[in-house]
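Next up, final-v9.pdb (PDB, C-alpha atoms and all ligand atoms):
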ATOM      1  CA  MET A  64      40.065  10.466  -0.070  1.00  0.00           C
ATOM      2  CA  SER A  65      38.505   9.294   3.190  1.00  0.00           C
ATOM      3  CA  GLU A  66      39.914  10.479   6.501  1.00  0.00           C
ATOM      4  CA  GLU A  67      40.765   8.257   9.449  1.00  0.00           C
ATOM      5  CA  PRO A  68      37.801   8.313  11.841  1.00  0.00           C
ATOM      6  CA  SER A  69      38.221  10.256  15.092  1.00  0.00           C
ATOM      7  CA  VAL A  70      38.540   8.157  18.237  1.00  0.00           C
ATOM      8  CA  VAL A  71      35.412   8.758  20.325  1.00  0.00           C
ATOM      9  CA  THR A  72      36.224   8.939  24.020  1.00  0.00           C
ATOM     10  CA  GLU A  73      34.087   9.344  27.144  1.00  0.00           C
ATOM     11  CA  ALA A  74      34.914  13.041  27.021  1.00  0.00           C
ATOM     12  CA  HIS A  75      33.342  13.246  23.569  1.00  0.00           C
ATOM     13  CA  PHE A  76      30.170  11.587  24.887  1.00  0.00           C
ATOM     14  CA  ARG A  77      29.989  14.111  27.733  1.00  0.00           C
ATOM     15  CA  TYR A  78      30.553  16.928  25.225  1.00  0.00           C
ATOM     16  CA  LEU A  79      27.767  15.784  22.930  1.00  0.00           C
ATOM     17  CA  ALA A  80      25.390  15.090  25.827  1.00  0.00           C
ATOM     18  CA  GLN A  81      25.864  18.674  27.029  1.00  0.00           C
ATOM     19  CA  ARG A  82      24.983  19.959  23.553  1.00  0.00           C
ATOM     20  CA  THR A  83      21.989  17.706  22.915  1.00  0.00           C
ATOM     21  CA  THR A  84      18.381  18.604  23.715  1.00  0.00           C
ATOM     22  CA  GLN A  85      18.002  17.828  27.419  1.00  0.00           C
ATOM     23  CA  GLU A  86      15.308  15.699  29.026  1.00  0.00           C
ATOM     24  CA  ASP A  87      12.491  17.663  30.630  1.00  0.00           C
ATOM     25  CA  ALA A  88      11.361  17.530  34.271  1.00  0.00           C
ATOM     26  CA  PHE A  89       8.637  14.966  33.486  1.00  0.00           C
ATOM     27  CA  LEU A  90      11.040  12.398  32.034  1.00  0.00           C
ATOM     28  CA  ARG A  91      13.519  13.083  34.842  1.00  0.00           C
ATOM     29  CA  ASP A  92      10.771  12.419  37.408  1.00  0.00           C
ATOM     30  CA  LEU A  93       9.762   9.272  35.557  1.00  0.00           C
ATOM     31  CA  ARG A  94      13.333   8.013  35.765  1.00  0.00           C
ATOM     32  CA  VAL A  95      13.543   8.713  39.508  1.00  0.00           C
ATOM     33  CA  SER A  96      10.136   7.173  40.235  1.00  0.00           C
ATOM     34  CA  ALA A  97      10.951   4.088  38.190  1.00  0.00           C
ATOM     35  CA  ALA A  98      14.145   3.541  40.178  1.00  0.00           C
ATOM     36  CA  LYS A  99      12.216   3.960  43.453  1.00  0.00           C
ATOM     37  CA  ALA A 100       9.695   1.380  42.214  1.00  0.00           C
ATOM     38  CA  GLY A 101      12.514  -1.112  41.689  1.00  0.00           C
ATOM     39  CA  ILE A 102      12.467  -0.922  37.893  1.00  0.00           C
ATOM     40  CA  PRO A 103      15.977  -1.352  36.480  1.00  0.00           C
ATOM     41  CA  ALA A 104      17.679   1.832  35.236  1.00  0.00           C
ATOM     42  CA  ILE A 105      18.095   0.589  31.670  1.00  0.00           C
ATOM     43  CA  SER A 106      16.077   3.058  29.620  1.00  0.00           C
ATOM     44  CA  ILE A 107      17.724   4.889  26.744  1.00  0.00           C
ATOM     45  CA  ASP A 108      19.677   7.989  27.699  1.00  0.00           C
ATOM     46  CA  PRO A 109      18.574  11.556  26.877  1.00  0.00           C
ATOM     47  CA  ALA A 110      20.941  11.871  23.900  1.00  0.00           C
ATOM     48  CA  GLN A 111      19.539   8.659  22.403  1.00  0.00           C
ATOM     49  CA  ALA A 112      16.016   9.955  23.022  1.00  0.00           C
ATOM     50  CA  ALA A 113      16.833  13.212  21.239  1.00  0.00           C
ATOM     51  CA  PHE A 114      18.358  11.274  18.344  1.00  0.00           C
ATOM     52  CA  LEU A 115      15.245   9.082  18.020  1.00  0.00           C
ATOM     53  CA  GLN A 116      13.124  12.223  17.943  1.00  0.00           C
ATOM     54  CA  VAL A 117      15.272  13.763  15.204  1.00  0.00           C
ATOM     55  CA  LEU A 118      15.011  10.558  13.147  1.00  0.00           C
ATOM     56  CA  LEU A 119      11.244  10.252  13.595  1.00  0.00           C
ATOM     57  CA  ARG A 120      10.612  13.897  12.796  1.00  0.00           C
ATOM     58  CA  GLY A 121      12.886  13.691   9.737  1.00  0.00           C
ATOM     59  CA  ALA A 122      11.039  10.589   8.527  1.00  0.00           C
ATOM     60  CA  LYS A 123       7.661  12.251   9.237  1.00  0.00           C
ATOM     61  CA  ALA A 124       6.794   9.051  11.099  1.00  0.00           C
ATOM     62  CA  ARG A 125       3.228   8.494  12.282  1.00  0.00           C
ATOM     63  CA  HIS A 126       3.114   4.832  13.297  1.00  0.00           C
ATOM     64  CA  VAL A 127       5.880   3.500  15.513  1.00  0.00           C
ATOM     65  CA  ILE A 128       6.315   0.035  17.027  1.00  0.00           C
ATOM     66  CA  GLU A 129       8.528  -0.507  20.064  1.00  0.00           C
ATOM     67  CA  VAL A 130       9.547  -3.808  21.638  1.00  0.00           C
ATOM     68  CA  GLY A 131      10.578  -3.246  25.271  1.00  0.00           C
ATOM     69  CA  THR A 132       8.559  -0.558  27.087  1.00  0.00           C
ATOM     70  CA  LEU A 133      10.139  -0.741  30.555  1.00  0.00           C
ATOM     71  CA  ALA A 134       8.883   2.412  32.323  1.00  0.00           C
ATOM     72  CA  GLY A 135       7.688   4.188  29.169  1.00  0.00           C
ATOM     73  CA  TYR A 136      10.616   6.607  28.841  1.00  0.00           C
ATOM     74  CA  SER A 137      11.450   5.937  25.187  1.00  0.00           C
ATOM     75  CA  ALA A 138       7.787   5.527  24.210  1.00  0.00           C
ATOM     76  CA  ILE A 139       6.971   8.986  25.583  1.00  0.00           C
ATOM     77  CA  ALA A 140      10.063  10.495  23.960  1.00  0.00           C
ATOM     78  CA  MET A 141       9.155   8.986  20.576  1.00  0.00           C
ATOM     79  CA  ALA A 142       5.460   9.912  20.818  1.00  0.00           C
ATOM     80  CA  ARG A 143       6.445  13.539  21.334  1.00  0.00           C
ATOM     81  CA  ALA A 144       8.106  13.531  17.897  1.00  0.00           C
ATOM     82  CA  LEU A 145       4.922  12.374  16.136  1.00  0.00           C
ATOM     83  CA  PRO A 146       2.053  14.491  14.810  1.00  0.00           C
ATOM     84  CA  PRO A 147      -1.127  14.558  16.972  1.00  0.00           C
ATOM     85  CA  GLU A 148      -2.645  11.619  15.085  1.00  0.00           C
ATOM     86  CA  GLY A 149       0.586   9.605  15.434  1.00  0.00           C
ATOM     87  CA  ARG A 150       0.733   6.386  17.471  1.00  0.00           C
ATOM     88  CA  VAL A 151       3.363   4.384  19.331  1.00  0.00           C
ATOM     89  CA  LEU A 152       2.455   0.752  19.985  1.00  0.00           C
ATOM     90  CA  THR A 153       4.863  -0.411  22.665  1.00  0.00           C
ATOM     91  CA  ILE A 154       5.160  -4.074  23.648  1.00  0.00           C
ATOM     92  CA  GLU A 155       6.174  -5.226  27.133  1.00  0.00           C
ATOM     93  CA  VAL A 156       6.248  -8.732  28.579  1.00  0.00           C
ATOM     94  CA  ASP A 157       6.653  -7.806  32.265  1.00  0.00           C
ATOM     95  CA  PRO A 158       3.290  -6.867  33.885  1.00  0.00           C
ATOM     96  CA  LYS A 159       4.963  -4.685  36.531  1.00  0.00           C
ATOM     97  CA  HIS A 160       6.817  -2.659  33.901  1.00  0.00           C
ATOM     98  CA  ALA A 161       3.711  -2.383  31.719  1.00  0.00           C
ATOM     99  CA  ALA A 162       1.579  -1.169  34.654  1.00  0.00           C
ATOM    100  CA  PHE A 163       4.158   1.440  35.681  1.00  0.00           C
ATOM    101  CA  ALA A 164       4.514   2.642  32.088  1.00  0.00           C
ATOM    102  CA  LYS A 165       0.736   2.900  31.628  1.00  0.00           C
ATOM    103  CA  GLU A 166       0.456   4.994  34.777  1.00  0.00           C
ATOM    104  CA  TRP A 167       3.133   7.455  33.625  1.00  0.00           C
ATOM    105  CA  ILE A 168       1.971   7.539  30.025  1.00  0.00           C
ATOM    106  CA  ALA A 169      -1.518   8.454  31.264  1.00  0.00           C
ATOM    107  CA  LYS A 170       0.007  11.437  33.116  1.00  0.00           C
ATOM    108  CA  SER A 171       2.121  12.505  30.125  1.00  0.00           C
ATOM    109  CA  ASP A 172       1.409  15.066  27.407  1.00  0.00           C
ATOM    110  CA  VAL A 173       1.187  12.264  24.816  1.00  0.00           C
ATOM    111  CA  ALA A 174      -1.198   9.878  26.589  1.00  0.00           C
ATOM    112  CA  GLY A 175      -3.454   9.652  23.549  1.00  0.00           C
ATOM    113  CA  ARG A 176      -0.623   8.641  21.250  1.00  0.00           C
ATOM    114  CA  ILE A 177       0.693   5.556  23.081  1.00  0.00           C
ATOM    115  CA  ALA A 178      -0.766   2.074  23.520  1.00  0.00           C
ATOM    116  CA  VAL A 179       1.047  -0.374  25.803  1.00  0.00           C
ATOM    117  CA  HIS A 180       0.533  -3.974  24.754  1.00  0.00           C
ATOM    118  CA  LEU A 181       1.270  -6.564  27.438  1.00  0.00           C
ATOM    119  CA  GLY A 182       2.758  -9.615  25.761  1.00  0.00           C
ATOM    120  CA  ALA A 183       5.841 -11.197  24.250  1.00  0.00           C
ATOM    121  CA  GLY A 184       7.432  -9.269  21.401  1.00  0.00           C
ATOM    122  CA  LYS A 185       7.414 -12.225  19.003  1.00  0.00           C
ATOM    123  CA  ASP A 186       3.700 -12.935  19.546  1.00  0.00           C
ATOM    124  CA  VAL A 187       2.543  -9.348  19.240  1.00  0.00           C
ATOM    125  CA  LEU A 188       4.690  -8.460  16.220  1.00  0.00           C
ATOM    126  CA  LYS A 189       3.120 -11.378  14.328  1.00  0.00           C
ATOM    127  CA  THR A 190      -0.313  -9.718  14.659  1.00  0.00           C
ATOM    128  CA  ILE A 191       0.797  -6.419  13.071  1.00  0.00           C
ATOM    129  CA  PRO A 192      -0.053  -6.010   9.374  1.00  0.00           C
ATOM    130  CA  ASP A 193       2.552  -5.783   6.583  1.00  0.00           C
ATOM    131  CA  ARG A 194       3.846  -2.315   5.671  1.00  0.00           C
ATOM    132  CA  SER A 195       1.842  -0.653   8.436  1.00  0.00           C
ATOM    133  CA  ALA A 196       4.593   1.077  10.451  1.00  0.00           C
ATOM    134  CA  ASP A 197       6.916   3.963   9.717  1.00  0.00           C
ATOM    135  CA  ALA A 198       9.472   3.005  12.352  1.00  0.00           C
ATOM    136  CA  CYS A 199      10.378   0.167  14.731  1.00  0.00           C
ATOM    137  CA  PHE A 200      12.508   0.498  17.850  1.00  0.00           C
ATOM    138  CA  LEU A 201      13.896  -2.728  19.329  1.00  0.00           C
ATOM    139  CA  ASP A 202      15.066  -2.608  22.932  1.00  0.00           C
ATOM    140  CA  ALA A 203      14.095  -5.895  24.596  1.00  0.00           C
ATOM    141  CA  ASP A 204      15.498  -9.441  24.948  1.00  0.00           C
ATOM    142  CA  LYS A 205      18.652  -9.580  22.888  1.00  0.00           C
ATOM    143  CA  GLY A 206      18.306 -13.254  21.905  1.00  0.00           C
ATOM    144  CA  SER A 207      15.171 -12.363  19.935  1.00  0.00           C
ATOM    145  CA  TYR A 208      16.606  -9.405  18.050  1.00  0.00           C
ATOM    146  CA  ARG A 209      17.068 -11.334  14.831  1.00  0.00           C
ATOM    147  CA  ALA A 210      13.464 -12.570  14.875  1.00  0.00           C
ATOM    148  CA  TYR A 211      12.253  -9.060  15.725  1.00  0.00           C
ATOM    149  CA  LEU A 212      14.225  -7.548  12.867  1.00  0.00           C
ATOM    150  CA  ASP A 213      12.813 -10.083  10.415  1.00  0.00           C
ATOM    151  CA  GLU A 214       9.253  -9.288  11.540  1.00  0.00           C
ATOM    152  CA  CYS A 215       9.928  -5.556  11.382  1.00  0.00           C
ATOM    153  CA  MET A 216      11.184  -5.828   7.808  1.00  0.00           C
ATOM    154  CA  ARG A 217       7.709  -7.159   6.989  1.00  0.00           C
ATOM    155  CA  ILE A 218       5.876  -4.591   9.126  1.00  0.00           C
ATOM    156  CA  LEU A 219       7.774  -1.519   7.911  1.00  0.00           C
ATOM    157  CA  ARG A 220       6.638   0.470   4.917  1.00  0.00           C
ATOM    158  CA  PRO A 221       9.289   1.084   2.222  1.00  0.00           C
ATOM    159  CA  HIS A 222      11.820   3.619   3.536  1.00  0.00           C
ATOM    160  CA  GLY A 223      10.670   2.837   7.073  1.00  0.00           C
ATOM    161  CA  LEU A 224      13.176   3.198   9.886  1.00  0.00           C
ATOM    162  CA  ILE A 225      14.531   0.538  12.199  1.00  0.00           C
ATOM    163  CA  VAL A 226      16.486   1.427  15.324  1.00  0.00           C
ATOM    164  CA  VAL A 227      17.970  -1.173  17.666  1.00  0.00           C
ATOM    165  CA  ASP A 228      19.691  -0.488  20.982  1.00  0.00           C
ATOM    166  CA  ASN A 229      22.775  -2.058  22.546  1.00  0.00           C
ATOM    167  CA  ALA A 230      24.944  -2.670  19.486  1.00  0.00           C
ATOM    168  CA  PHE A 231      27.907  -2.231  21.867  1.00  0.00           C
ATOM    169  CA  ALA A 232      26.660  -5.020  24.130  1.00  0.00           C
ATOM    170  CA  PHE A 233      26.705  -3.040  27.381  1.00  0.00           C
ATOM    171  CA  GLY A 234      30.244  -1.920  26.619  1.00  0.00           C
ATOM    172  CA  GLN A 235      31.474  -5.533  26.395  1.00  0.00           C
ATOM    173  CA  LEU A 236      31.281  -5.996  22.613  1.00  0.00           C
ATOM    174  CA  LEU A 237      35.030  -6.300  22.090  1.00  0.00           C
ATOM    175  CA  ASP A 238      35.921  -7.839  25.485  1.00  0.00           C
ATOM    176  CA  GLU A 239      37.837 -11.075  25.316  1.00  0.00           C
ATOM    177  CA  HIS A 240      35.937 -12.529  28.271  1.00  0.00           C
ATOM    178  CA  PRO A 241      32.568 -10.754  28.480  1.00  0.00           C
ATOM    179  CA  THR A 242      30.527 -11.435  31.599  1.00  0.00           C
ATOM    180  CA  ASP A 243      27.086 -10.599  30.266  1.00  0.00           C
ATOM    181  CA  ARG A 244      25.314 -13.609  28.786  1.00  0.00           C
ATOM    182  CA  ASP A 245      23.699 -11.471  26.083  1.00  0.00           C
ATOM    183  CA  VAL A 246      27.017 -10.477  24.499  1.00  0.00           C
ATOM    184  CA  PRO A 247      27.057 -13.495  22.114  1.00  0.00           C
ATOM    185  CA  HIS A 248      23.487 -12.644  21.057  1.00  0.00           C
ATOM    186  CA  ILE A 249      24.451  -9.059  20.272  1.00  0.00           C
ATOM    187  CA  ARG A 250      27.569 -10.150  18.394  1.00  0.00           C
ATOM    188  CA  ALA A 251      25.536 -12.582  16.307  1.00  0.00           C
ATOM    189  CA  PHE A 252      22.937  -9.893  15.638  1.00  0.00           C
ATOM    190  CA  ASN A 253      25.575  -7.335  14.652  1.00  0.00           C
ATOM    191  CA  ASP A 254      26.940  -9.856  12.147  1.00  0.00           C
ATOM    192  CA  TYR A 255      23.444 -10.629  10.876  1.00  0.00           C
ATOM    193  CA  VAL A 256      22.248  -7.056  10.236  1.00  0.00           C
ATOM    194  CA  PRO A 257      24.615  -6.308   7.309  1.00  0.00           C
ATOM    195  CA  THR A 258      23.404  -9.479   5.563  1.00  0.00           C
ATOM    196  CA  VAL A 259      19.710  -8.491   5.588  1.00  0.00           C
ATOM    197  CA  GLN A 260      18.487  -7.841   2.064  1.00  0.00           C
ATOM    198  CA  GLY A 261      16.700  -4.538   1.576  1.00  0.00           C
ATOM    199  CA  LEU A 262      18.140  -2.854   4.654  1.00  0.00           C
ATOM    200  CA  GLN A 263      20.703  -0.080   4.669  1.00  0.00           C
ATOM    201  CA  SER A 264      22.132   0.234   8.151  1.00  0.00           C
ATOM    202  CA  VAL A 265      24.795   1.821  10.277  1.00  0.00           C
ATOM    203  CA  ILE A 266      25.806   1.681  13.953  1.00  0.00           C
ATOM    204  CA  VAL A 267      25.691   5.110  15.566  1.00  0.00           C
ATOM    205  CA  PRO A 268      27.908   5.410  18.673  1.00  0.00           C
ATOM    206  CA  LEU A 269      25.317   6.970  20.974  1.00  0.00           C
ATOM    207  CA  GLY A 270      24.684   5.486  24.398  1.00  0.00           C
ATOM    208  CA  ASP A 271      25.352   1.738  24.151  1.00  0.00           C
ATOM    209  CA  GLY A 272      25.375   1.920  20.341  1.00  0.00           C
ATOM    210  CA  LEU A 273      22.295   2.253  18.168  1.00  0.00           C
ATOM    211  CA  TRP A 274      21.731   0.368  14.947  1.00  0.00           C
ATOM    212  CA  VAL A 275      19.879   2.656  12.557  1.00  0.00           C
ATOM    213  CA  GLY A 276      18.533   1.235   9.331  1.00  0.00           C
ATOM    214  CA  VAL A 277      16.226   2.134   6.489  1.00  0.00           C
ATOM    215  CA  LYS A 278      14.183  -0.406   4.541  1.00  0.00           C
ATOM    216  CA  THR A 279      15.249   0.245   0.981  1.00  0.00           C
TER     217      THR A 279
HETATM  218  C1  LIG B   1      16.016  -2.059  28.053  1.00  0.00           C
HETATM  219  S1  LIG B   1      14.385  -2.206  28.629  1.00  0.00           S
HETATM  220  C2  LIG B   1      13.492  -1.116  27.560  1.00  0.00           C
HETATM  221  C3  LIG B   1      13.788   0.320  27.808  1.00  0.00           C
HETATM  222  C4  LIG B   1      12.861   1.285  27.112  1.00  0.00           C
HETATM  223  N1  LIG B   1      12.854   1.044  25.672  1.00  0.00           N
HETATM  224  C5  LIG B   1      13.296   2.705  27.352  1.00  0.00           C
HETATM  225  O1  LIG B   1      14.334   3.104  26.769  1.00  0.00           O
HETATM  226  O2  LIG B   1      12.652   3.418  28.125  1.00  0.00           O
HETATM  227  C6  LIG B   1      13.913  -3.792  28.056  1.00  0.00           C
HETATM  228  C7  LIG B   1      12.451  -4.153  28.361  1.00  0.00           C
HETATM  229  O3  LIG B   1      12.115  -5.252  27.509  1.00  0.00           O
HETATM  230  C8  LIG B   1      11.246  -6.087  28.212  1.00  0.00           C
HETATM  231  N2  LIG B   1      11.250  -7.421  27.585  1.00  0.00           N
HETATM  232  C9  LIG B   1      12.120  -8.437  27.791  1.00  0.00           C
HETATM  233  N3  LIG B   1      11.788  -9.493  27.042  1.00  0.00           N
HETATM  234  C10 LIG B   1      10.698  -9.140  26.336  1.00  0.00           C
HETATM  235  C11 LIG B   1       9.892  -9.807  25.384  1.00  0.00           C
HETATM  236  N4  LIG B   1      10.146 -11.070  25.010  1.00  0.00           N
HETATM  237  N5  LIG B   1       8.845  -9.146  24.844  1.00  0.00           N
HETATM  238  C12 LIG B   1       8.567  -7.867  25.217  1.00  0.00           C
HETATM  239  N6  LIG B   1       9.300  -7.187  26.135  1.00  0.00           N
HETATM  240  C13 LIG B   1      10.351  -7.815  26.680  1.00  0.00           C
HETATM  241  C14 LIG B   1      11.803  -6.074  29.637  1.00  0.00           C
HETATM  242  O4  LIG B   1      10.840  -6.511  30.578  1.00  0.00           O
HETATM  243  C15 LIG B   1      12.188  -4.608  29.784  1.00  0.00           C
HETATM  244  O5  LIG B   1      11.134  -3.870  30.348  1.00  0.00           O
END

Please re-express this file's structure in structure tokens.
Ligand SMILES: C[S@@+](CC[C@H](N)C(=O)[O-])C[C@H]1O[C@@H](n2cnc3c(N)ncnc32)[C@H](O)[C@@H]1O
Amino acid sequence: MSEEPSVVTEAHFRYLAQRTTQEDAFLRDLRVSAAKAGIPAISIDPAQAAFLQVLLRGAKARHVIEVGTLAGYSAIAMARALPPEGRVLTIEVDPKHAAFAKEWIAKSDVAGRIAVHLGAGKDVLKTIPDRSADACFLDADKGSYRAYLDECMRILRPHGLIVVDNAFAFGQLLDEHPTDRDVPHIRAFNDYVPTVQGLQSVIVPLGDGLWVGVKT
């Protein structure tokens, strides 16, 4: 018989964050420098980064695609979970973000594993061959998530992983009158994901909610 799920409170999130692999000094410095450079503080949090690393290591991923580089925080975190020959291709539309990320990636311990591609997610994803990636991480413009997911279902190898951030719509998912204009996009996407053929998926309540799926 199934049990009632536990209610997850802010205290639980603090508890799990304290018991999750912490970010190192390099990623902390990156975060601080990005804020000083006027880059919005919207990268994934350390617990989400640790979770992505666990997933990628478990899947023995080698080729990862990311849409939404920002300052390079998640790309560096993911690259660290890959073997030396592994690669993260991360796509960013904003030249300022891409330039900042390239600078920090070059200084990182995984410089050789990450390529930043300046361009729009939809355009770049179209150029990536079928069944060529082990994992895709979507963390960019929410109105394009459905199109990105469809492309990633083509790009992923069988049993490939898909992870998508912000399933909780910046905390406004269940608000009656949400203020963020992306909330309807996230709601529509959350309703779309369970209908995608060949994808087993679940929302994991980490950070702002992560969709995690496997191409079956
Ligand atoms: C939430 S941030 C990404 C955070 C990053 N994944 C991390 O955790 O470190 C979203 C990024 O997506 C970029 N973006 C927005 N629209 C995009 C598009 N159409 N194609 C590619 N990147 C886009 C934004 O410029 C921004 O840098």

Determine, using all atoms listed in the file, which residues of segment 102-221 of chain A have any atom at most 12 Å from an atom of segment 75-79 of chain A, and tabulate each with its shortest atom pair and distance in Å to one decimal place, rows ordered by chain and then rising number, as JSON lines.
{"residue": "A:Asp108", "atom": "CA", "partner": "A:Phe76", "partner_atom": "CA", "distance": 11.4}
{"residue": "A:Pro109", "atom": "CA", "partner": "A:Leu79", "partner_atom": "CA", "distance": 10.9}
{"residue": "A:Ala110", "atom": "CA", "partner": "A:Leu79", "partner_atom": "CA", "distance": 7.9}
{"residue": "A:Gln111", "atom": "CA", "partner": "A:Leu79", "partner_atom": "CA", "distance": 10.9}
{"residue": "A:Ala113", "atom": "CA", "partner": "A:Leu79", "partner_atom": "CA", "distance": 11.4}
{"residue": "A:Phe114", "atom": "CA", "partner": "A:Leu79", "partner_atom": "CA", "distance": 11.4}

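Put simply, the PyMOL selection byres (((not hetatm)) within 6 of (chain B and resi 1)) on this file hits Ile105, Ser106, Ile107, Val130, Gly131, Thr132, Leu133, Ala134, Gly135, Tyr136, Ser137, Ile154, Glu155, Val156, Asp157, His160, Ala183, Gly184, Asp202, Ala203 and Asp204 of chain A.
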
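One finds atom CA of Thr190 of chain A at 29.7 Å from atom CA of Asp271 of chain A.
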
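Distances here use only C-alpha atoms; by that measure, the residue among A:Ala112, A:Ile266, A:Ala142, A:Ile218 closest to Ala174 of chain A is A:Ala142.
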
Selection under test: the PyMOL selection byres (((chain A and resi 176) around 8) and not hetatm); residues as a count of residues only = 11

For segment 100-118 of chain A, supply N, CA and C atoms and format the output as an mmCIF file, in the coordinates of the input.
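Written file, selection_19.cif:
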data_model
loop_
_atom_site.group_PDB
_atom_site.id
_atom_site.type_symbol
_atom_site.label_atom_id
_atom_site.label_comp_id
_atom_site.auth_asym_id
_atom_site.auth_seq_id
_atom_site.Cartn_x
_atom_site.Cartn_y
_atom_site.Cartn_z
ATOM 1 N N ALA A 100 10.634 2.506 42.310
ATOM 2 C CA ALA A 100 9.695 1.380 42.214
ATOM 3 C C ALA A 100 10.427 0.060 41.935
ATOM 4 N N GLY A 101 11.739 0.111 41.894
ATOM 5 C CA GLY A 101 12.514 -1.112 41.689
ATOM 6 C C GLY A 101 12.629 -1.533 40.233
ATOM 7 N N ILE A 102 12.338 -0.617 39.330
ATOM 8 C CA ILE A 102 12.467 -0.922 37.893
ATOM 9 C C ILE A 102 13.911 -0.631 37.485
ATOM 10 N N PRO A 103 14.554 -1.565 36.793
ATOM 11 C CA PRO A 103 15.977 -1.352 36.480
ATOM 12 C C PRO A 103 16.215 -0.082 35.651
ATOM 13 N N ALA A 104 17.348 0.565 35.917
ATOM 14 C CA ALA A 104 17.679 1.832 35.236
ATOM 15 C C ALA A 104 18.340 1.522 33.894
ATOM 16 N N ILE A 105 17.536 1.011 32.959
ATOM 17 C CA ILE A 105 18.095 0.589 31.670
ATOM 18 C C ILE A 105 17.346 1.232 30.496
ATOM 19 N N SER A 106 16.715 2.373 30.749
ATOM 20 C CA SER A 106 16.077 3.058 29.620
ATOM 21 C C SER A 106 17.156 3.753 28.785
ATOM 22 N N ILE A 107 16.778 4.153 27.591
ATOM 23 C CA ILE A 107 17.724 4.889 26.744
ATOM 24 C C ILE A 107 18.122 6.188 27.444
ATOM 25 N N ASP A 108 19.252 6.752 27.047
ATOM 26 C CA ASP A 108 19.677 7.989 27.699
ATOM 27 C C ASP A 108 19.116 9.195 26.924
ATOM 28 N N PRO A 109 19.190 10.382 27.523
ATOM 29 C CA PRO A 109 18.574 11.556 26.877
ATOM 30 C C PRO A 109 19.111 11.845 25.477
ATOM 31 N N ALA A 110 20.400 11.613 25.243
ATOM 32 C CA ALA A 110 20.941 11.871 23.900
ATOM 33 C C ALA A 110 20.347 10.890 22.887
ATOM 34 N N GLN A 111 20.175 9.633 23.307
ATOM 35 C CA GLN A 111 19.539 8.659 22.403
ATOM 36 C C GLN A 111 18.081 9.056 22.138
ATOM 37 N N ALA A 112 17.416 9.539 23.189
ATOM 38 C CA ALA A 112 16.016 9.955 23.022
ATOM 39 C C ALA A 112 15.932 11.110 22.022
ATOM 40 N N ALA A 113 16.839 12.066 22.159
ATOM 41 C CA ALA A 113 16.833 13.212 21.239
ATOM 42 C C ALA A 113 17.112 12.742 19.807
ATOM 43 N N PHE A 114 18.021 11.796 19.676
ATOM 44 C CA PHE A 114 18.358 11.274 18.344
ATOM 45 C C PHE A 114 17.149 10.560 17.720
ATOM 46 N N LEU A 115 16.452 9.754 18.523
ATOM 47 C CA LEU A 115 15.245 9.082 18.020
ATOM 48 C C LEU A 115 14.223 10.115 17.551
ATOM 49 N N GLN A 116 14.089 11.185 18.328
ATOM 50 C CA GLN A 116 13.124 12.223 17.943
ATOM 51 C C GLN A 116 13.516 12.887 16.619
ATOM 52 N N VAL A 117 14.804 13.160 16.458
ATOM 53 C CA VAL A 117 15.272 13.763 15.204
ATOM 54 C C VAL A 117 14.967 12.816 14.031
ATOM 55 N N LEU A 118 15.259 11.536 14.222
ATOM 56 C CA LEU A 118 15.011 10.558 13.147
ATOM 57 C C LEU A 118 13.525 10.494 12.801
#
